[in-house]
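See below for protein-v8.pdb, which holds PDB, C-alpha atoms (C1' of nucleotides) and all ligand atoms.
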```pdb
ATOM      1  CA  MET D   1      -3.653 -15.047   8.204
ATOM      2  CA  HIS D   2      -1.214 -14.096  10.951
ATOM      3  CA  TYR D   3      -3.701 -11.669  12.420
ATOM      4  CA  ASP D   4      -5.166 -14.494  14.470
ATOM      5  CA  THR D   5      -1.845 -15.263  16.132
ATOM      6  CA  LEU D   6      -1.197 -11.576  16.587
ATOM      7  CA  LYS D   7      -4.604 -10.971  18.089
ATOM      8  CA  SER D   8      -4.299 -13.846  20.539
ATOM      9  CA  ILE D   9      -0.877 -12.708  21.710
ATOM     10  CA  LEU D  10      -2.190  -9.201  22.196
ATOM     11  CA  LYS D  11      -5.272 -10.401  24.018
ATOM     12  CA  ALA D  12      -3.167 -12.613  26.276
ATOM     13  CA  GLY D  13      -1.216  -9.464  27.106
ATOM     14  CA  GLY D  14      -4.351  -7.496  27.840
ATOM     15  CA  ALA D  15      -4.072  -5.424  24.689
ATOM     16  CA  SER D  16      -6.218  -5.200  21.609
ATOM     17  CA  LEU D  17      -5.598  -5.507  17.903
ATOM     18  CA  THR D  18      -6.113  -1.998  16.617
ATOM     19  CA  GLN D  19      -5.762  -0.474  13.164
ATOM     20  CA  PRO D  20      -2.383   1.164  13.805
ATOM     21  CA  ARG D  21      -1.071  -2.086  15.258
ATOM     22  CA  LYS D  22      -2.229  -3.983  12.186
ATOM     23  CA  ILE D  23      -0.517  -1.462   9.953
ATOM     24  CA  ILE D  24       2.757  -1.658  11.851
ATOM     25  CA  PHE D  25       2.577  -5.419  11.892
ATOM     26  CA  ASP D  26       2.047  -5.456   8.138
ATOM     27  CA  LEU D  27       5.062  -3.233   7.707
ATOM     28  CA  MET D  28       7.167  -5.949   9.293
ATOM     29  CA  LEU D  29       5.658  -9.030   7.739
ATOM     30  CA  ASN D  30       7.949 -10.613   5.187
ATOM     31  CA  GLN D  31      10.524  -7.900   5.788
ATOM     32  CA  GLY D  32      14.033  -8.590   6.973
ATOM     33  CA  PRO D  33      15.435  -6.665   9.907
ATOM     34  CA  GLN D  34      14.760  -2.952   9.652
ATOM     35  CA  SER D  35      15.754  -0.006  11.782
ATOM     36  CA  MET D  36      13.321   2.061  13.802
ATOM     37  CA  GLN D  37      14.138   5.037  11.623
ATOM     38  CA  VAL D  38      13.066   3.161   8.546
ATOM     39  CA  LEU D  39       9.966   1.766  10.174
ATOM     40  CA  VAL D  40       8.905   5.154  11.473
ATOM     41  CA  ARG D  41       9.488   6.678   8.061
ATOM     42  CA  ARG D  42       7.504   3.953   6.309
ATOM     43  CA  ALA D  43       4.655   4.341   8.764
ATOM     44  CA  LYS D  44       4.574   8.093   8.239
ATOM     45  CA  ASP D  45       1.167   9.444   7.165
ATOM     46  CA  LYS D  46      -0.454   6.269   8.427
ATOM     47  CA  VAL D  47       0.670   5.997  12.025
ATOM     48  CA  ASP D  48       2.065   8.670  14.278
ATOM     49  CA  ARG D  49       5.702   8.488  15.342
ATOM     50  CA  ALA D  50       4.826   8.209  19.021
ATOM     51  CA  THR D  51       2.439   5.384  18.269
ATOM     52  CA  VAL D  52       5.066   3.474  16.339
ATOM     53  CA  TYR D  53       7.440   3.645  19.277
ATOM     54  CA  ARG D  54       4.725   2.706  21.746
ATOM     55  CA  THR D  55       3.637  -0.153  19.534
ATOM     56  CA  ILE D  56       7.103  -1.571  19.039
ATOM     57  CA  GLU D  57       7.711  -1.304  22.761
ATOM     58  CA  LEU D  58       4.507  -3.250  23.356
ATOM     59  CA  PHE D  59       5.332  -5.727  20.617
ATOM     60  CA  GLU D  60       8.717  -6.355  22.125
ATOM     61  CA  ARG D  61       7.303  -6.827  25.592
ATOM     62  CA  LEU D  62       4.844  -9.390  24.235
ATOM     63  CA  GLY D  63       7.451 -11.135  22.150
ATOM     64  CA  ILE D  64       5.986 -10.142  18.805
ATOM     65  CA  VAL D  65       9.114  -8.349  17.781
ATOM     66  CA  ARG D  66      12.777  -8.659  18.668
ATOM     67  CA  ARG D  67      15.737  -6.365  18.368
ATOM     68  CA  LEU D  68      18.883  -7.294  16.490
ATOM     69  CA  ASN D  69      22.318  -5.922  16.998
ATOM     70  CA  ILE D  70      23.175  -5.544  13.355
ATOM     71  CA  GLY D  71      24.617  -2.464  11.763
ATOM     72  CA  TRP D  72      25.265   0.672  13.737
ATOM     73  CA  LYS D  73      21.702   1.272  14.859
ATOM     74  CA  TYR D  74      19.647  -1.602  16.148
ATOM     75  CA  LYS D  75      17.132  -3.274  13.920
ATOM     76  CA  ILE D  76      13.917  -5.145  14.542
ATOM     77  CA  GLU D  77      12.106  -8.052  13.015
ATOM     78  CA  LEU D  78       9.223 -10.310  13.928
ATOM     79  CA  THR D  79       9.918 -13.043  16.439
ATOM     80  CA  ASP D  80       9.840 -16.798  16.081
ATOM     81  CA  ALA D  81       6.053 -16.747  16.418
ATOM     82  CA  PHE D  82       5.871 -15.357  12.895
ATOM     83  CA  SER D  83       9.038 -16.702  11.307
ATOM     84  CA  GLY D  84      10.807 -19.826  12.453
ATOM     85  CA  HIS D  85      13.554 -19.524  15.026
ATOM     86  CA  HIS D  86      16.777 -18.536  13.356
ATOM     87  CA  HIS D  87      19.898 -16.481  13.743
ATOM     88  CA  HIS D  88      21.687 -14.072  11.444
ATOM     89  CA  MET D  89      24.810 -13.760   9.450
ATOM     90  CA  TYR D  90      25.913 -10.250   8.727
ATOM     91  CA  CYS D  91      28.334  -9.721   5.865
ATOM     92  CA  THR D  92      30.795  -7.067   6.925
ATOM     93  CA  ASN D  93      31.651  -6.460   3.282
ATOM     94  CA  CYS D  94      28.361  -5.997   1.456
ATOM     95  CA  GLY D  95      26.259  -5.339   4.551
ATOM     96  CA  ARG D  96      23.604  -7.869   3.703
ATOM     97  CA  VAL D  97      21.922  -9.929   6.384
ATOM     98  CA  PHE D  98      21.299 -13.628   5.904
ATOM     99  CA  ASP D  99      19.179 -15.985   7.919
ATOM    100  CA  LEU D 100      21.077 -18.823   9.510
ATOM    101  CA  PRO D 101      18.975 -21.984   9.321
ATOM    102  CA  ASP D 102      17.906 -23.393  12.656
ATOM    103  CA  ASN D 103      20.168 -26.073  14.063
ATOM    104  CA  PRO D 104      18.725 -28.129  16.958
ATOM    105  CA  MET D 105      22.145 -29.272  18.085
ATOM    106  CA  LEU D 106      23.338 -25.715  18.429
ATOM    107  CA  GLU D 107      20.183 -24.651  20.227
ATOM    108  CA  THR D 108      20.466 -27.273  22.928
ATOM    109  CA  MET D 109      24.140 -26.596  23.412
ATOM    110  CA  ILE D 110      23.477 -22.918  24.014
ATOM    111  CA  ASP D 111      20.886 -23.780  26.637
ATOM    112  CA  THR D 112      23.205 -26.308  28.216
ATOM    113  CA  VAL D 113      26.119 -23.895  28.493
ATOM    114  CA  ALA D 114      23.894 -21.242  30.041
ATOM    115  CA  ALA D 115      22.358 -23.699  32.484
ATOM    116  CA  LYS D 116      25.820 -24.766  33.566
ATOM    117  CA  SER D 117      26.168 -21.319  35.174
ATOM    118  CA  GLY D 118      22.958 -21.687  37.121
ATOM    119  CA  PHE D 119      21.032 -19.636  34.620
ATOM    120  CA  SER D 120      17.520 -20.522  33.445
ATOM    121  CA  PRO D 121      17.609 -19.681  29.757
ATOM    122  CA  ARG D 122      14.402 -18.464  28.148
ATOM    123  CA  GLY D 123      15.769 -17.475  24.788
ATOM    124  CA  HIS D 124      18.836 -16.202  23.039
ATOM    125  CA  GLN D 125      20.129 -14.314  20.097
ATOM    126  CA  LEU D 126      23.110 -15.114  17.936
ATOM    127  CA  GLU D 127      24.702 -13.022  15.247
ATOM    128  CA  VAL D 128      27.603 -14.191  13.157
ATOM    129  CA  TYR D 129      29.852 -11.666  11.445
ATOM    130  CA  GLY D 130      31.980 -12.431   8.434
ATOM    131  CA  LEU D 131      31.871 -12.672   4.671
ATOM    132  CA  CYS D 132      28.954 -14.036   2.735
ATOM    133  CA  ALA D 133      29.477 -16.676   0.066
ATOM    134  CA  ASN D 134      29.602 -14.037  -2.641
ATOM    135  CA  CYS D 135      32.067 -11.700  -0.953
ATOM    136  CA  SER D 136      34.272 -14.632   0.076
ATOM    137  CA  LYS D 137      35.120 -15.265  -3.543
ATOM    138  CA  ALA D 138      36.440 -11.759  -4.127
TER
ATOM    139  CA  MET Q 139      49.835  -2.294  29.567
ATOM    140  CA  HIS Q 140      47.064  -2.571  27.018
ATOM    141  CA  TYR Q 141      48.061   0.704  25.426
ATOM    142  CA  ASP Q 142      50.468  -1.177  23.187
ATOM    143  CA  THR Q 143      47.744  -3.362  21.771
ATOM    144  CA  LEU Q 144      45.484  -0.370  21.455
ATOM    145  CA  LYS Q 145      48.120   1.683  19.695
ATOM    146  CA  SER Q 146      48.957  -1.044  17.204
ATOM    147  CA  ILE Q 147      45.312  -1.558  16.336
ATOM    148  CA  LEU Q 148      44.874   2.148  15.839
ATOM    149  CA  LYS Q 149      48.020   2.440  13.773
ATOM    150  CA  ALA Q 150      46.954  -0.489  11.614
ATOM    151  CA  GLY Q 151      43.747   1.419  11.002
ATOM    152  CA  GLY Q 152      45.591   4.594  10.085
ATOM    153  CA  ALA Q 153      44.665   6.364  13.289
ATOM    154  CA  SER Q 154      46.733   7.551  16.197
ATOM    155  CA  LEU Q 155      46.612   7.037  19.935
ATOM    156  CA  THR Q 156      45.586  10.399  21.301
ATOM    157  CA  GLN Q 157      44.867  11.615  24.807
ATOM    158  CA  PRO Q 158      41.071  11.556  24.459
ATOM    159  CA  ARG Q 159      41.244   8.077  23.004
ATOM    160  CA  LYS Q 160      43.334   6.891  25.934
ATOM    161  CA  ILE Q 161      40.856   8.384  28.362
ATOM    162  CA  ILE Q 162      37.885   6.746  26.703
ATOM    163  CA  PHE Q 163      39.710   3.451  26.526
ATOM    164  CA  ASP Q 164      40.464   3.658  30.241
ATOM    165  CA  LEU Q 165      36.802   4.314  30.928
ATOM    166  CA  MET Q 166      36.013   0.940  29.403
ATOM    167  CA  LEU Q 167      38.817  -1.147  30.785
ATOM    168  CA  ASN Q 168      37.634  -3.579  33.441
ATOM    169  CA  GLN Q 169      34.091  -2.311  33.041
ATOM    170  CA  GLY Q 170      31.165  -4.481  32.062
ATOM    171  CA  PRO Q 171      28.872  -3.386  29.263
ATOM    172  CA  GLN Q 172      27.825   0.224  29.589
ATOM    173  CA  SER Q 173      25.497   2.421  27.591
ATOM    174  CA  MET Q 174      26.658   5.352  25.507
ATOM    175  CA  GLN Q 175      24.766   7.674  27.799
ATOM    176  CA  VAL Q 176      26.743   6.441  30.789
ATOM    177  CA  LEU Q 177      30.015   6.560  28.940
ATOM    178  CA  VAL Q 178      29.406  10.078  27.697
ATOM    179  CA  ARG Q 179      28.432  11.170  31.177
ATOM    180  CA  ARG Q 180      31.520   9.617  32.717
ATOM    181  CA  ALA Q 181      33.737  11.231  30.114
ATOM    182  CA  LYS Q 182      32.234  14.632  30.794
ATOM    183  CA  ASP Q 183      34.770  17.359  31.632
ATOM    184  CA  LYS Q 184      37.517  15.220  30.172
ATOM    185  CA  VAL Q 185      36.391  14.472  26.630
ATOM    186  CA  ASP Q 186      33.806  16.261  24.562
ATOM    187  CA  ARG Q 187      30.544  14.512  23.791
ATOM    188  CA  ALA Q 188      31.121  14.622  20.050
ATOM    189  CA  THR Q 189      34.567  13.142  20.514
ATOM    190  CA  VAL Q 190      33.209  10.259  22.550
ATOM    191  CA  TYR Q 191      30.800   9.362  19.776
ATOM    192  CA  ARG Q 192      33.448   9.741  17.098
ATOM    193  CA  THR Q 193      35.860   7.653  19.134
ATOM    194  CA  ILE Q 194      33.433   4.836  19.821
ATOM    195  CA  GLU Q 195      32.524   4.790  16.157
ATOM    196  CA  LEU Q 196      36.203   4.474  15.297
ATOM    197  CA  PHE Q 197      36.779   1.900  18.014
ATOM    198  CA  GLU Q 198      33.945  -0.204  16.728
ATOM    199  CA  ARG Q 199      35.153  -0.006  13.164
ATOM    200  CA  LEU Q 200      38.592  -1.170  14.294
ATOM    201  CA  GLY Q 201      37.212  -3.894  16.501
ATOM    202  CA  ILE Q 202      38.299  -2.336  19.767
ATOM    203  CA  VAL Q 203      34.788  -2.120  21.023
ATOM    204  CA  ARG Q 204      31.624  -4.074  20.365
ATOM    205  CA  ARG Q 205      27.975  -3.356  20.890
ATOM    206  CA  LEU Q 206      25.668  -5.593  22.839
ATOM    207  CA  ASN Q 207      21.984  -5.892  22.361
ATOM    208  CA  ILE Q 208      21.103  -5.899  26.021
ATOM    209  CA  GLY Q 209      18.434  -3.813  27.668
ATOM    210  CA  TRP Q 210      16.388  -1.319  25.742
ATOM    211  CA  LYS Q 211      19.317   0.751  24.548
ATOM    212  CA  TYR Q 212      22.435  -0.916  23.286
ATOM    213  CA  LYS Q 213      25.530  -1.186  25.395
ATOM    214  CA  ILE Q 214      29.211  -1.408  24.582
ATOM    215  CA  GLU Q 215      32.253  -3.153  25.969
ATOM    216  CA  LEU Q 216      35.783  -3.888  24.869
ATOM    217  CA  THR Q 217      36.278  -6.710  22.421
ATOM    218  CA  ASP Q 218      38.067 -10.012  22.863
ATOM    219  CA  ALA Q 219      41.392  -8.292  22.272
ATOM    220  CA  PHE Q 220      41.102  -6.791  25.732
ATOM    221  CA  SER Q 221      38.943  -9.300  27.583
ATOM    222  CA  GLY Q 222      38.687 -12.977  26.780
ATOM    223  CA  HIS Q 223      36.066 -14.090  24.335
ATOM    224  CA  HIS Q 224      32.767 -14.619  26.083
ATOM    225  CA  HIS Q 225      29.040 -14.184  25.728
ATOM    226  CA  HIS Q 226      26.381 -12.737  27.990
ATOM    227  CA  MET Q 227      23.425 -13.778  29.996
ATOM    228  CA  TYR Q 228      20.880 -11.087  30.677
ATOM    229  CA  CYS Q 229      18.471 -11.619  33.535
ATOM    230  CA  THR Q 230      15.084 -10.338  32.455
ATOM    231  CA  ASN Q 231      14.041 -10.073  36.074
ATOM    232  CA  CYS Q 232      16.807  -8.171  37.861
ATOM    233  CA  GLY Q 233      18.388  -6.718  34.726
ATOM    234  CA  ARG Q 234      21.901  -7.795  35.613
ATOM    235  CA  VAL Q 235      24.320  -8.971  32.948
ATOM    236  CA  PHE Q 236      26.518 -11.988  33.510
ATOM    237  CA  ASP Q 237      29.472 -13.236  31.528
ATOM    238  CA  LEU Q 238      29.004 -16.666  30.057
ATOM    239  CA  PRO Q 239      32.271 -18.605  30.318
ATOM    240  CA  ASP Q 240      33.837 -19.465  27.015
ATOM    241  CA  ASN Q 241      33.019 -22.923  25.728
ATOM    242  CA  PRO Q 242      35.227 -24.237  22.875
ATOM    243  CA  MET Q 243      32.652 -26.801  21.825
ATOM    244  CA  LEU Q 244      30.027 -24.125  21.360
ATOM    245  CA  GLU Q 245      32.397 -21.843  19.518
ATOM    246  CA  THR Q 246      33.312 -24.389  16.899
ATOM    247  CA  MET Q 247      29.722 -25.420  16.440
ATOM    248  CA  ILE Q 248      28.714 -21.847  15.711
ATOM    249  CA  ASP Q 249      31.443 -21.552  13.100
ATOM    250  CA  THR Q 250      30.488 -24.883  11.603
ATOM    251  CA  VAL Q 251      26.826 -24.001  11.285
ATOM    252  CA  ALA Q 252      27.677 -20.693   9.645
ATOM    253  CA  ALA Q 253      30.154 -22.283   7.258
ATOM    254  CA  LYS Q 254      27.514 -24.798   6.236
ATOM    255  CA  SER Q 255      25.712 -21.913   4.531
ATOM    256  CA  GLY Q 256      28.774 -20.880   2.583
ATOM    257  CA  PHE Q 257      29.582 -18.105   5.007
ATOM    258  CA  SER Q 258      33.106 -17.309   6.200
ATOM    259  CA  PRO Q 259      32.625 -16.513   9.877
ATOM    260  CA  ARG Q 260      34.937 -13.959  11.447
ATOM    261  CA  GLY Q 261      33.230 -13.601  14.763
ATOM    262  CA  HIS Q 262      29.901 -13.747  16.467
ATOM    263  CA  GLN Q 263      27.877 -12.507  19.342
ATOM    264  CA  LEU Q 264      25.546 -14.488  21.552
ATOM    265  CA  GLU Q 265      23.186 -13.231  24.192
ATOM    266  CA  VAL Q 266      21.096 -15.502  26.350
ATOM    267  CA  TYR Q 267      17.966 -14.175  28.024
ATOM    268  CA  GLY Q 268      16.373 -15.710  31.072
ATOM    269  CA  LEU Q 269      16.566 -15.774  34.842
ATOM    270  CA  CYS Q 270      19.795 -15.650  36.784
ATOM    271  CA  ALA Q 271      20.485 -18.177  39.537
ATOM    272  CA  ASN Q 272      19.199 -15.787  42.171
ATOM    273  CA  CYS Q 273      15.976 -14.819  40.451
ATOM    274  CA  SER Q 274      15.292 -18.432  39.515
ATOM    275  CA  LYS Q 275      14.774 -19.315  43.165
ATOM    276  CA  ALA Q 276      12.072 -16.721  43.702
TER
ATOM    277  C1'  DG V 277      63.920  18.971  19.618
ATOM    278  C1'  DC V 278      61.843  21.755  15.855
ATOM    279  C1'  DT V 279      58.621  22.100  11.661
ATOM    280  C1'  DG V 280      54.765  21.418   8.811
ATOM    281  C1'  DA V 281      51.181  18.518   6.990
ATOM    282  C1'  DA V 282      47.647  15.682   8.366
ATOM    283  C1'  DT V 283      44.767  14.254  11.835
ATOM    284  C1'  DT V 284      41.995  15.057  15.647
ATOM    285  C1'  DT V 285      39.589  17.835  18.985
ATOM    286  C1'  DG V 286      36.281  21.042  21.242
ATOM    287  C1'  DC V 287      32.784  24.074  20.638
ATOM    288  C1'  DA V 288      28.355  25.563  19.250
ATOM    289  C1'  DA V 289      24.528  24.888  16.390
ATOM    290  C1'  DA V 290      21.474  21.930  14.026
ATOM    291  C1'  DT V 291      19.184  17.762  13.492
ATOM    292  C1'  DT V 292      17.275  13.600  14.851
ATOM    293  C1'  DT V 293      15.386  10.563  18.050
ATOM    294  C1'  DG V 294      12.510   9.347  21.643
ATOM    295  C1'  DT V 295       9.149  10.758  25.429
ATOM    296  C1'  DC V 296       5.053  12.765  27.696
ATOM    297  C1'  DG V 297       0.485  14.741  28.848
ATOM    298  C1'  DC V 298      -3.858  15.058  27.385
ATOM    299  C1'  DA V 299      -8.080  15.597  24.563
ATOM    300  C1'  DA V 300     -10.203  13.120  20.872
ATOM    301  C1'  DT V 301     -10.947   8.650  18.928
ATOM    302  C1'  DT V 302     -11.359   3.830  18.793
ATOM    303  C1'  DT V 303     -12.211  -0.587  20.842
ATOM    304  C1'  DA V 304     -14.623  -4.285  23.228
ATOM    305  C1'  DA V 305     -18.044  -5.649  26.146
ATOM    306  C1'  DT V 306     -22.792  -5.261  27.652
TER
ATOM    307  C1'  DA P 307     -26.530   1.544  20.888
ATOM    308  C1'  DT P 308     -24.182   2.830  25.267
ATOM    309  C1'  DT P 309     -20.442   3.024  28.042
ATOM    310  C1'  DA P 310     -15.967   2.420  30.208
ATOM    311  C1'  DA P 311     -11.398   1.400  29.179
ATOM    312  C1'  DA P 312      -7.741   1.419  26.070
ATOM    313  C1'  DT P 313      -5.437   3.626  22.425
ATOM    314  C1'  DT P 314      -4.245   7.268  19.282
ATOM    315  C1'  DG P 315      -2.577  11.704  17.403
ATOM    316  C1'  DC P 316      -0.933  15.944  18.363
ATOM    317  C1'  DG P 317       1.855  19.268  20.089
ATOM    318  C1'  DA P 318       5.540  20.392  22.844
ATOM    319  C1'  DC P 319       9.424  18.782  25.011
ATOM    320  C1'  DA P 320      13.856  16.570  26.433
ATOM    321  C1'  DA P 321      17.573  13.799  25.188
ATOM    322  C1'  DA P 322      20.644  11.943  21.984
ATOM    323  C1'  DT P 323      23.487  12.236  18.009
ATOM    324  C1'  DT P 324      25.563  14.660  14.066
ATOM    325  C1'  DT P 325      27.950  18.323  11.713
ATOM    326  C1'  DG P 326      31.056  22.266  10.233
ATOM    327  C1'  DC P 327      34.889  24.502  11.305
ATOM    328  C1'  DA P 328      38.757  26.880  13.695
ATOM    329  C1'  DA P 329      42.116  25.662  17.059
ATOM    330  C1'  DA P 330      44.975  22.179  19.011
ATOM    331  C1'  DT P 331      47.410  17.887  18.788
ATOM    332  C1'  DT P 332      50.016  14.205  16.717
ATOM    333  C1'  DC P 333      53.769  12.382  14.190
ATOM    334  C1'  DA P 334      57.031  11.748  10.658
ATOM    335  C1'  DG P 335      61.077  13.798   8.722
ATOM    336  C1'  DC P 336      64.622  16.779   9.389
TER
HETATM  337 MN    MN D 401      15.761 -12.856  10.117
HETATM  338 MN    MN D 402      31.213  -8.987  29.091
HETATM  339 ZN    ZN D 403      28.678 -10.035   1.350
HETATM  340 ZN    ZN D 404      18.293 -11.917  38.044
END
```
As structure tokens, how would this structure be written, given the file I've shared?
Ligand SMILES: [Mn+2]
Ligand SMILES: [Mn+2]
Ligand SMILES: [Zn+2]
Ligand SMILES: [Zn+2]
Amino acid sequence: MHYDTLKSILKAGGASLTQPRKIIFDLMLNQGPQSMQVLVRRAKDKVDRATVYRTIELFERLGIVRRLNIGWKYKIELTDAFSGHHHHMYCTNCGRVFDLPDNPMLETMIDTVAAKSGFSPRGHQLEVYGLCANCSKA
Amino acid sequence: MHYDTLKSILKAGGASLTQPRKIIFDLMLNQGPQSMQVLVRRAKDKVDRATVYRTIELFERLGIVRRLNIGWKYKIELTDAFSGHHHHMYCTNCGRVFDLPDNPMLETMIDTVAAKSGFSPRGHQLEVYGLCANCSKA
DNA sequence: GCTGAATTTGCAAATTTGTCGCAATTTAAT
DNA sequence: ATTAAATTGCGACAAATTTGCAAATTCAGC
């Protein structure tokens, strides 16, 4: 189970795998990007609002979760440690979010371009906007 | 002046170029990414808070403004129509945001990868995280 | 330039979102 | 089991965002 990975990341960050953290993690596993509002609402009655925020803040700091700039409010999903590295395609027509399969060529080029400006890239995030295959037809 | 472009975009969207909208636009021209909080604060005494939000919402819908997923809260800046197409590098150490010069090779590759999944790309957004040249040395 | 319909704004109130301190609980190590 | 440290839930709070609506602005047609 992913709890092992989760636990080791937490431990490495000097934090422990607690019940609320397990619950929040479960609420993200096998879910696409979701907004904080939704997450907080889904955690209601199980985990306190403040704890959800504190947990996501911790998760983000430890790289367990990442924020996406999709839709009007930001959304979150688990990082590459729990789902392979990928980017997103957001259909501006139907609003659905699709995963863009990883492309090694693209990855290296992004790093190269960043390095060209003297930057030491650690990671990146790419979102493509447009029409999904379905909406393109109409 | 950019007001012409602005006005035509607004007109095309069935909206008009009003005083408050001019003011808010001016507050973004030649500015890097800024948070809503900052924008609202800077607009204070000139444009009402509610109007700033309504305007930015409109601006985003019409593609005059775009949101960036940088820092803990999202930031906004004018779109390519008012500043050349570019991406961003965010230094996780000093928090500064740098513009990543446009790279045609990269641009086409992004479109290609997206198209490979049957998607019709209209635009995209890329943010690189890492250490800026300065912080890399230390 | 006026006029009127439609759009947009400011204002004030309400709601939602996010934060904070702290006592009670849970966790991890002995 | 005992204990110290970390974490949680619970208000209460502060900040951010939304909403309804009357007044003001915009703009097209005269
Ligand atoms: Mn995804
Ligand atoms: Mn920029
Ligand atoms: Zn679609
Ligand atoms: Zn730096």
As a CSV table (one decimal) with C-alpha atoms, in the coordinates of the input, please: every protein or nucleic acid residue near ligand ZN 403 (chain D) (cut-off 7 Å, counting all atoms listed in the file).
```
chain,number,residue,atom,x,y,z
D,91,CYS,CA,28.3,-9.7,5.9
D,92,THR,CA,30.8,-7.1,6.9
D,93,ASN,CA,31.7,-6.5,3.3
D,94,CYS,CA,28.4,-6.0,1.5
D,95,GLY,CA,26.3,-5.3,4.6
D,96,ARG,CA,23.6,-7.9,3.7
D,131,LEU,CA,31.9,-12.7,4.7
D,132,CYS,CA,29.0,-14.0,2.7
D,133,ALA,CA,29.5,-16.7,0.1
D,134,ASN,CA,29.6,-14.0,-2.6
D,135,CYS,CA,32.1,-11.7,-1.0
```
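With CA of His225 in chain Q on one side and CA of Leu58 in chain D on the other, the separation reads 27.0 Å.
Residues in contact with His140 in chain Q at up to 10 Å, not including ones fewer than 4 positions away on its chain and judged by all atoms listed in the file, are Q:Leu144, Q:Lys145, Q:Phe163, Q:Asp164, Q:Leu167, Q:Ala219, Q:Phe220.
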Would you translate the PyMOL selection byres (((chain Q and resi 242) around 12) and not hetatm) into the concrete set of residues it matches in this file, as a short mmCIF file (atom, residue, chain, number, x, y, z; two decimals) with C-alpha atoms, in the frame of the given file?
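The new file out22.cif reads:
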```cif
data_model
loop_
_atom_site.label_atom_id
_atom_site.label_comp_id
_atom_site.auth_asym_id
_atom_site.auth_seq_id
_atom_site.Cartn_x
_atom_site.Cartn_y
_atom_site.Cartn_z
CA MET D 109 24.14 -26.60 23.41
CA ILE D 110 23.48 -22.92 24.01
CA VAL D 113 26.12 -23.90 28.49
CA HIS Q 223 36.07 -14.09 24.34
CA HIS Q 224 32.77 -14.62 26.08
CA PRO Q 239 32.27 -18.60 30.32
CA ASP Q 240 33.84 -19.46 27.02
CA ASN Q 241 33.02 -22.92 25.73
CA MET Q 243 32.65 -26.80 21.82
CA LEU Q 244 30.03 -24.12 21.36
CA GLU Q 245 32.40 -21.84 19.52
CA THR Q 246 33.31 -24.39 16.90
CA MET Q 247 29.72 -25.42 16.44
CA ILE Q 248 28.71 -21.85 15.71
CA ASP Q 249 31.44 -21.55 13.10
#
```
Output check: residues returned by the PyMOL selection byres ((chain Q) within 9 of (chain V)), as a ChimeraX atom specification:
/Q:153-154,156,158,185-186,188-189
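A straight line drawn from C1' of DT323 in chain P to CA of Arg187 in chain Q is 9.4 Å long.
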At a cut-off of 8 Å, list the chain D residues touching chain Q, using all atoms listed in the file, as a PyMOL selection string.
chain D and resi 67-69+74+89+100+103+106+109-110+113-114+117-133+136
Using only C-alpha atoms (C1' of nucleotides) and a distance of at most 12 Å, pull out the residues of chain P that contact chain D, as a PyMOL selection string.
chain P and resi 311-317+323
Give me, as an mmCIF file with C-alpha atoms, in the coordinates of the input, all polymer residues having an atom no more than 8 Å from Leu200 in chain Q, counting all atoms listed in the file and skipping those fewer than 2 positions away in the same chain.
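Once everything was written out, this is part_12.cif:
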```cif
data_model
loop_
_atom_site.group_PDB
_atom_site.id
_atom_site.type_symbol
_atom_site.label_atom_id
_atom_site.label_comp_id
_atom_site.auth_asym_id
_atom_site.auth_seq_id
_atom_site.Cartn_x
_atom_site.Cartn_y
_atom_site.Cartn_z
ATOM 1 C CA ILE Q 147 45.312 -1.558 16.336
ATOM 2 C CA LEU Q 148 44.874 2.148 15.839
ATOM 3 C CA GLY Q 151 43.747 1.419 11.002
ATOM 4 C CA LEU Q 196 36.203 4.474 15.297
ATOM 5 C CA PHE Q 197 36.779 1.900 18.014
ATOM 6 C CA GLU Q 198 33.945 -0.204 16.728
ATOM 7 C CA ILE Q 202 38.299 -2.336 19.767
ATOM 8 C CA VAL Q 203 34.788 -2.120 21.023
#
```
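Taking CA of Arg159 in chain Q and CA of Thr193 in chain Q as the two end points, the separation is 6.6 Å.
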How big is the axis-aligned box around all listed atoms of range 217-221 of chain Q once 8 Å goes on each side, and where's its centre, in Å to one decimal, as JSON?
```
{"center_x": 38.8, "center_y": -8.4, "center_z": 24.9, "size_x": 21.1, "size_y": 19.3, "size_z": 21.3}
```
